[in-house]
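Undergrad: Take this structure, written in structure tokens, and hold onto it; I'll ask about it next.
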Amino acid sequence: MNLEILDYAFMQRALLAAVLVGITAPAVGIYLVQRRQALLGDGIGHVAMTGVGLGFLLSWSPVWMATAVSVVGAILMELIRWYGKTRGDIALAMLFYGGMAGGVMFINLAPGGSNANLTSYLFGSLSTVSEEDVTAICLLAAFVVLVTVGLRRQLFAVSQDEEFARVTGLPVRALNLLTAVTAAVTVTVAMRVVGLLLVSALMVVPVAAAQQLSRSFAATFAIAVAIGVSVTIGGTVTSYYQDVPPGATIVLLTIGVFILLTALATPLARRRARAAAQAAAQEAGDPAECAIPATRAPTGKVGV
Amino acid sequence: MKDGGTRDEPGASPVISLRGVTAELGSRPVLRGIDLTVNRGEVVALLGANGSGKSTAVRTVIGQVPVTSGEIELFGTPRRRFRDWSRVGYVPQRTTAAGGVPATVTEVVSSGRLSRARFGVLRRADREAVQRAIALVGLADRAKDSVNALSGGQHQRVLIARALAAGPELLIMDEPMAGVDLASQEVLAETLREQVAQGASVLLVLHELGPLEPLINRAVVLRDGCVMHDGPPPQALGQHALPGHDHVHPHAAHDAEPIRTGLLS
């Protein structure tokens, strides 16, 4: 009974896509959250709409077209961040809304196209995930995992402190571009399952939820991916049985997990704060550890 | 080995050399032709009021701010061609070591070892170097804690441990004492003293000399993007650690004129 849903080829494809989205979205999202660009995914999602529209208009695969256009959009955003610091937000806004308008325009210009075609891309749709879509999603997800796990130390350093990363000799600009491109690829991976308008939630909310429990980056990464996979599978299965839209179900589930973990974390945080206060008290009452040489002590006192 | 005797020696090899450097932020000129040299084993303090261009000068050295004219050399190599970044440890001007995601002290300090790690793979020796750097700043017992749980002074210690993780010969520090409690100030001064004793060269951006004064060989004072003084540290300054006091300029005045005419031409 439970495994009945696996008998349908479209559900097999949908579940595979869901698992890949659950892994990739938080894996990229963690670096965006770390560099405090949590809404970058949302912006790329808007730009990707133009790609979907162009795909319909030119009768090419909307997934690959959306990938190409959102990668170009992500690179543009990164360039705006470098060169146009003063009015960067305005330029980004134009890119976002231009991308959305372009999508609506192109899809209506396409023969037989209407906004209805766009809806499945905006909000996600399981039954329309095709064989080719799954191939594309697998390839793109492999790229995302390769980058986010293989280059985790470099991406961590650049996202934590760009200025310092430069002095370790890391190619900071190349890594920033790679992050933006990887985020763009993730948006198109997730597009079929959660939809363009909700992609960003799956990048950001699992990371925010994981932070409630974790102290380290590695643990945050692992917990966020675990949450991502759980909610995408949970949401997909729920949408099959209850006939509710998968994207919305997944996002609401994720927010539910966030609220749950926040409630659980409050007593945990209190315990940690107590431990930290104890450690601080120990340090204050333990100046011998600092090993201030006797000759230095007078100078230090005069200085303050 | 060579340290101590190299101060102001004409033959000493400079580890940092700026000649006639100008830079702009936006379209506002911030550096108007700066000459700055740090010789091997020397501890140089870069002083000046807010907005005098201290931080910008340091950021041109590391390549964060582009120069509009002039030359910068690191270890005798033009900065554009300099690749030996494991010889340089940098402490940026930050009040926090934390990013948008929790990270442990070890994770943050490990970033500093990347300049010695091939393809970002940290080997056993690298991990040990990271732990040594954390121990140097007295945070060994907090190594597995999230940096979010640390005090302001401890954040600064983490940033310095990160700069030390690669075992650099040259330390560049931008206001390392800003917002640091007394206990951390002493730890930082002691850490710096050890590094200098081992032959490290240091360029420090400071608002006031403070507890680091005994370490400093030479002070360079900036004002409005020009060098006003380059010589022994202004003596009276150390006693006046009050914020907002810039007793720098009166002491610099007698030196300033000949230097200034050369720079503004």
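Order determines the names: the first chain of the structure tokens is A, the second B, and so forth; residues in each chain are numbered 1 upward, and ligands are numbered 1 upward as they are shown.
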Extract the full set of helix (DSSP H, G or I) residues from segment 20-248 of chain B according to DSSP on the backbone, and format it as an MDAnalysis selection string.

TA: chainID B and resid 54:62 79:81 85:87 105:113 118:120 124:136 140:142 147:149 152:164 182:197 210:215 235:239 248

Undergrad: Might you pull out every residue within 9 Å of Thr95 of chain B, with only C-alpha atoms counted and same-chain residues fewer than 2 positions away left off, and present them as a count of residues only?

TA: 8

Undergrad: If we count only C-alpha atoms, what is near Ala161 of chain B at a cut-off of 12 Å, once residues fewer than 3 positions away on the same chain are taken out, given as an MDAnalysis selection string?

TA: chainID B and resid 89:91 97 105:113 129:140 143 154:158 164:168 171 173 176 187:188 191:192 195

Undergrad: Show me, as a ChimeraX atom specification, the residues that have an atom within 9 Å of Asn176 of chain A when counting only C-alpha atoms, minus same-chain residues fewer than 2 positions from it.

TA: /A:78,155,158-159,171-174,178-181

Undergrad: Generate the output file for the selected residues, C-alpha atoms, as a compact mmCIF listing (two decimals), in the first residue's frame.

TA:
# COMPACT_ATOMS: atom_id res chain seq x y z
CA GLU A 78 27.53 39.25 -9.63
CA LEU A 155 33.44 28.56 -0.67
CA VAL A 158 35.01 33.34 0.52
CA SER A 159 31.49 33.48 1.95
CA PRO A 171 40.51 33.28 -6.78
CA VAL A 172 37.77 35.27 -5.05
CA ARG A 173 36.03 36.57 -8.16
CA ALA A 174 35.98 33.16 -9.82
CA LEU A 178 30.87 29.92 -9.40
CA THR A 179 28.57 30.38 -6.39
CA ALA A 180 26.18 32.51 -8.45
CA VAL A 181 26.21 30.04 -11.35

Undergrad: Can you pull out the residues contacting Gly100 of chain B? Cut-off 10 Å, using only C-alpha atoms, and skip same-chain residues under 6 positions away; I want them as number ranges by chain.

TA: A: 30-38, 159-160, 208, 211

Undergrad: Sorted by chain and rising residue number, list the residues of chain B at most 7 Å from chain A (counting only C-alpha atoms), each with its closest atom pair and distance in Å to one decimal, as a Markdown table.

TA:
| residue | atom | partner | partner_atom | distance |
| --- | --- | --- | --- | --- |
| B:Ile62 | CA | A:Val167 | CA | 6.2 |
| B:Gln64 | CA | A:Glu163 | CA | 6.6 |
| B:Arg83 | CA | A:Gly169 | CA | 6.8 |
| B:Trp85 | CA | A:Gly169 | CA | 5.5 |
| B:Ser86 | CA | A:Thr168 | CA | 6.5 |
| B:Tyr90 | CA | A:Phe164 | CA | 6.6 |
| B:Pro92 | CA | A:Phe164 | CA | 6.7 |
| B:Gly99 | CA | A:Gln160 | CA | 5.2 |
| B:Gly100 | CA | A:Gln34 | CA | 3.9 |
| B:Val101 | CA | A:Gln34 | CA | 4.9 |
| B:Pro102 | CA | A:Ser216 | CA | 5.4 |
| B:Ala103 | CA | A:Ser216 | CA | 4.2 |
| B:Thr104 | CA | A:Ser216 | CA | 5.0 |
| B:Ser111 | CA | A:Ala157 | CA | 5.4 |
| B:Gly112 | CA | A:Thr168 | CA | 6.7 |
| B:Leu114 | CA | A:Thr168 | CA | 6.3 |
| B:Ser115 | CA | A:Thr168 | CA | 4.6 |
| B:Gly120 | CA | A:Arg153 | CA | 6.0 |
| B:Asp145 | CA | A:Arg215 | CA | 6.7 |
| B:Ser146 | CA | A:Arg215 | CA | 4.9 |
| B:Ala149 | CA | A:Ala276 | CA | 6.9 |
| B:Val187 | CA | A:Cys290 | CA | 6.1 |
| B:Gly210 | CA | A:Gly303 | CA | 5.8 |
| B:Pro211 | CA | A:Gly300 | CA | 5.8 |
| B:Gly238 | CA | A:Gly303 | CA | 6.6 |
| B:Gln239 | CA | A:Gly303 | CA | 5.9 |
| B:Ala241 | CA | A:Gly303 | CA | 6.4 |

Undergrad: Using N, CA and C atoms, can you export the residues from the last selection as a tab-separated table (two decimals), in the first residue's frame?

TA:
chain	number	residue	atom	x	y	z
B	62	ILE	N	46.77	44.53	-0.06
B	62	ILE	CA	46.26	43.17	-0.26
B	62	ILE	C	45.45	43.05	-1.55
B	64	GLN	N	42.54	44.59	-2.28
B	64	GLN	CA	41.09	44.74	-2.14
B	64	GLN	C	40.63	46.07	-2.75
B	83	ARG	N	52.28	35.79	-5.70
B	83	ARG	CA	51.42	34.62	-5.52
B	83	ARG	C	51.67	33.90	-4.21
B	85	TRP	N	51.06	33.89	-1.13
B	85	TRP	CA	50.23	34.48	-0.08
B	85	TRP	C	50.38	33.80	1.28
B	86	SER	N	50.95	32.59	1.32
B	86	SER	CA	51.11	31.96	2.63
B	86	SER	C	52.14	32.71	3.48
B	90	TYR	N	46.74	38.22	7.32
B	90	TYR	CA	45.97	39.47	7.30
B	90	TYR	C	44.84	39.42	8.32
B	92	PRO	N	41.63	41.58	8.93
B	92	PRO	CA	40.84	42.70	8.45
B	92	PRO	C	40.17	43.44	9.61
B	99	GLY	N	29.85	34.69	10.34
B	99	GLY	CA	29.13	34.95	9.11
B	99	GLY	C	27.65	34.70	9.34
B	100	GLY	N	26.90	34.47	8.27
B	100	GLY	CA	25.47	34.26	8.41
B	100	GLY	C	25.08	32.87	8.87
B	101	VAL	N	26.07	31.97	8.96
B	101	VAL	CA	25.82	30.59	9.35
B	101	VAL	C	26.76	30.27	10.51
B	102	PRO	N	26.30	29.49	11.50
B	102	PRO	CA	27.20	29.16	12.61
B	102	PRO	C	28.47	28.48	12.11
B	103	ALA	N	29.59	28.78	12.76
B	103	ALA	CA	30.85	28.11	12.41
B	103	ALA	C	31.69	28.04	13.68
B	104	THR	N	32.45	26.96	13.84
B	104	THR	CA	33.27	26.83	15.03
B	104	THR	C	34.57	27.62	14.86
B	111	SER	N	40.30	28.37	7.58
B	111	SER	CA	40.34	29.16	6.35
B	111	SER	C	41.73	29.77	6.15
B	112	GLY	N	42.38	30.12	7.26
B	112	GLY	CA	43.68	30.76	7.17
B	112	GLY	C	44.77	29.82	6.68
B	114	LEU	N	44.32	27.75	4.16
B	114	LEU	CA	44.08	27.40	2.75
B	114	LEU	C	45.23	27.83	1.85
B	115	SER	N	45.95	28.89	2.26
B	115	SER	CA	47.03	29.36	1.40
B	115	SER	C	48.17	28.33	1.34
B	120	GLY	N	42.58	22.95	-1.37
B	120	GLY	CA	41.70	23.02	-0.21
B	120	GLY	C	41.66	21.76	0.62
B	145	ASP	N	33.75	25.46	19.90
B	145	ASP	CA	32.57	26.30	20.13
B	145	ASP	C	32.26	27.15	18.90
B	146	SER	N	31.00	27.51	18.79
B	146	SER	CA	30.60	28.43	17.72
B	146	SER	C	31.17	29.82	18.01
B	149	ALA	N	29.28	32.38	20.07
B	149	ALA	CA	29.22	32.35	21.53
B	149	ALA	C	30.37	33.13	22.16
B	187	VAL	N	46.55	39.34	25.61
B	187	VAL	CA	46.83	38.12	24.86
B	187	VAL	C	47.33	38.49	23.47
B	210	GLY	N	48.43	52.52	22.32
B	210	GLY	CA	47.91	51.62	23.34
B	210	GLY	C	48.93	50.59	23.82
B	211	PRO	N	48.48	49.40	24.17
B	211	PRO	CA	49.36	48.41	24.80
B	211	PRO	C	50.42	47.85	23.84
B	238	GLY	N	51.03	57.21	23.87
B	238	GLY	CA	50.71	55.98	24.60
B	238	GLY	C	49.96	56.24	25.89
B	239	GLN	N	50.18	57.37	26.52
B	239	GLN	CA	49.53	57.66	27.79
B	239	GLN	C	48.07	58.08	27.58
B	241	ALA	N	45.12	57.02	26.00
B	241	ALA	CA	44.39	55.98	25.27
B	241	ALA	C	42.91	56.31	25.13

Undergrad: Taking 6 positions as the minimum chain separation for residues in the same chain, which residues sit within 12 Å of Gly112 of chain A when counting only C-alpha atoms? Answer as a list in words.

TA: Phe56, Leu57, Ser59 and Phe106 of chain A

Undergrad: Please report the interatomic distance between atom CA of Asn148 of chain B and atom CA of Glu208 of chain B in Å with one decimal.

TA: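 Spanning atom CA of Asn148 of chain B to atom CA of Glu208 of chain B is a straight-line distance of 27.8 Å.
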
Undergrad: Within segment 41-125 of chain B, find each residue whose DSSP state, derived from the backbone, is strand (DSSP E), and express the selection as a PDB file with C-alpha atoms, in the first residue's frame.

TA:
ATOM      1  CA  VAL B  43      56.967  46.599  13.360  1.00  0.00           C
ATOM      2  CA  VAL B  44      55.401  49.643  11.710  1.00  0.00           C
ATOM      3  CA  ALA B  45      52.282  51.377  13.007  1.00  0.00           C
ATOM      4  CA  LEU B  46      50.081  53.243  10.548  1.00  0.00           C
ATOM      5  CA  LEU B  47      48.348  56.010  12.476  1.00  0.00           C
ATOM      6  CA  GLY B  48      45.896  58.768  11.677  1.00  0.00           C
ATOM      7  CA  SER B  69      48.824  55.064  -9.802  1.00  0.00           C
ATOM      8  CA  GLY B  70      52.037  54.141  -8.026  1.00  0.00           C
ATOM      9  CA  GLU B  71      53.757  50.878  -7.284  1.00  0.00           C
ATOM     10  CA  ILE B  72      53.231  48.262  -4.593  1.00  0.00           C
ATOM     11  CA  GLU B  73      55.695  45.476  -3.921  1.00  0.00           C
ATOM     12  CA  LEU B  74      55.432  42.542  -1.522  1.00  0.00           C
ATOM     13  CA  THR B  77      57.605  41.274  -6.168  1.00  0.00           C
ATOM     14  CA  PRO B  78      55.075  43.628  -7.788  1.00  0.00           C
ATOM     15  CA  VAL B  88      51.240  37.046   4.483  1.00  0.00           C
ATOM     16  CA  GLY B  89      48.803  36.941   7.394  1.00  0.00           C
ATOM     17  CA  TYR B  90      45.968  39.466   7.296  1.00  0.00           C
ATOM     18  CA  VAL B  91      43.606  40.620  10.032  1.00  0.00           C
TER      19      VAL B  91
END

Undergrad: Find the residues near Ser239 of chain A: any atom within 12 Å, counting only C-alpha atoms, skip ones fewer than 4 places away on the same chain, and give them as a CSV table (one decimal) with C-alpha atoms, in the first residue's frame.

TA:
chain,number,residue,atom,x,y,z
A,5,ILE,CA,3.0,5.3,-5.4
A,11,MET,CA,5.8,9.4,-9.4
A,14,ALA,CA,8.9,13.1,-9.3
A,15,LEU,CA,10.4,11.4,-6.2
A,18,ALA,CA,12.4,15.7,-5.2
A,124,GLY,CA,5.9,23.2,-9.4
A,125,SER,CA,4.1,20.2,-10.8
A,126,LEU,CA,4.9,16.6,-10.3
A,127,SER,CA,2.8,15.0,-13.1
A,193,VAL,CA,9.3,20.4,-8.2
A,194,VAL,CA,8.8,23.5,-6.0
A,231,VAL,CA,10.5,17.8,3.4
A,232,THR,CA,10.7,17.3,-0.4
A,233,ILE,CA,9.9,13.6,-0.1
A,234,GLY,CA,7.2,14.4,2.5
A,235,GLY,CA,5.7,17.1,0.4
A,243,ASP,CA,-4.1,16.3,-4.3
A,244,VAL,CA,-2.5,19.5,-3.0
A,245,PRO,CA,0.2,21.4,-5.0
A,246,PRO,CA,3.7,20.0,-4.2
A,247,GLY,CA,5.6,23.2,-4.1
A,248,ALA,CA,3.4,24.9,-1.6
A,249,THR,CA,3.2,21.7,0.5
A,250,ILE,CA,7.0,21.4,0.6
A,253,LEU,CA,6.4,21.7,5.7
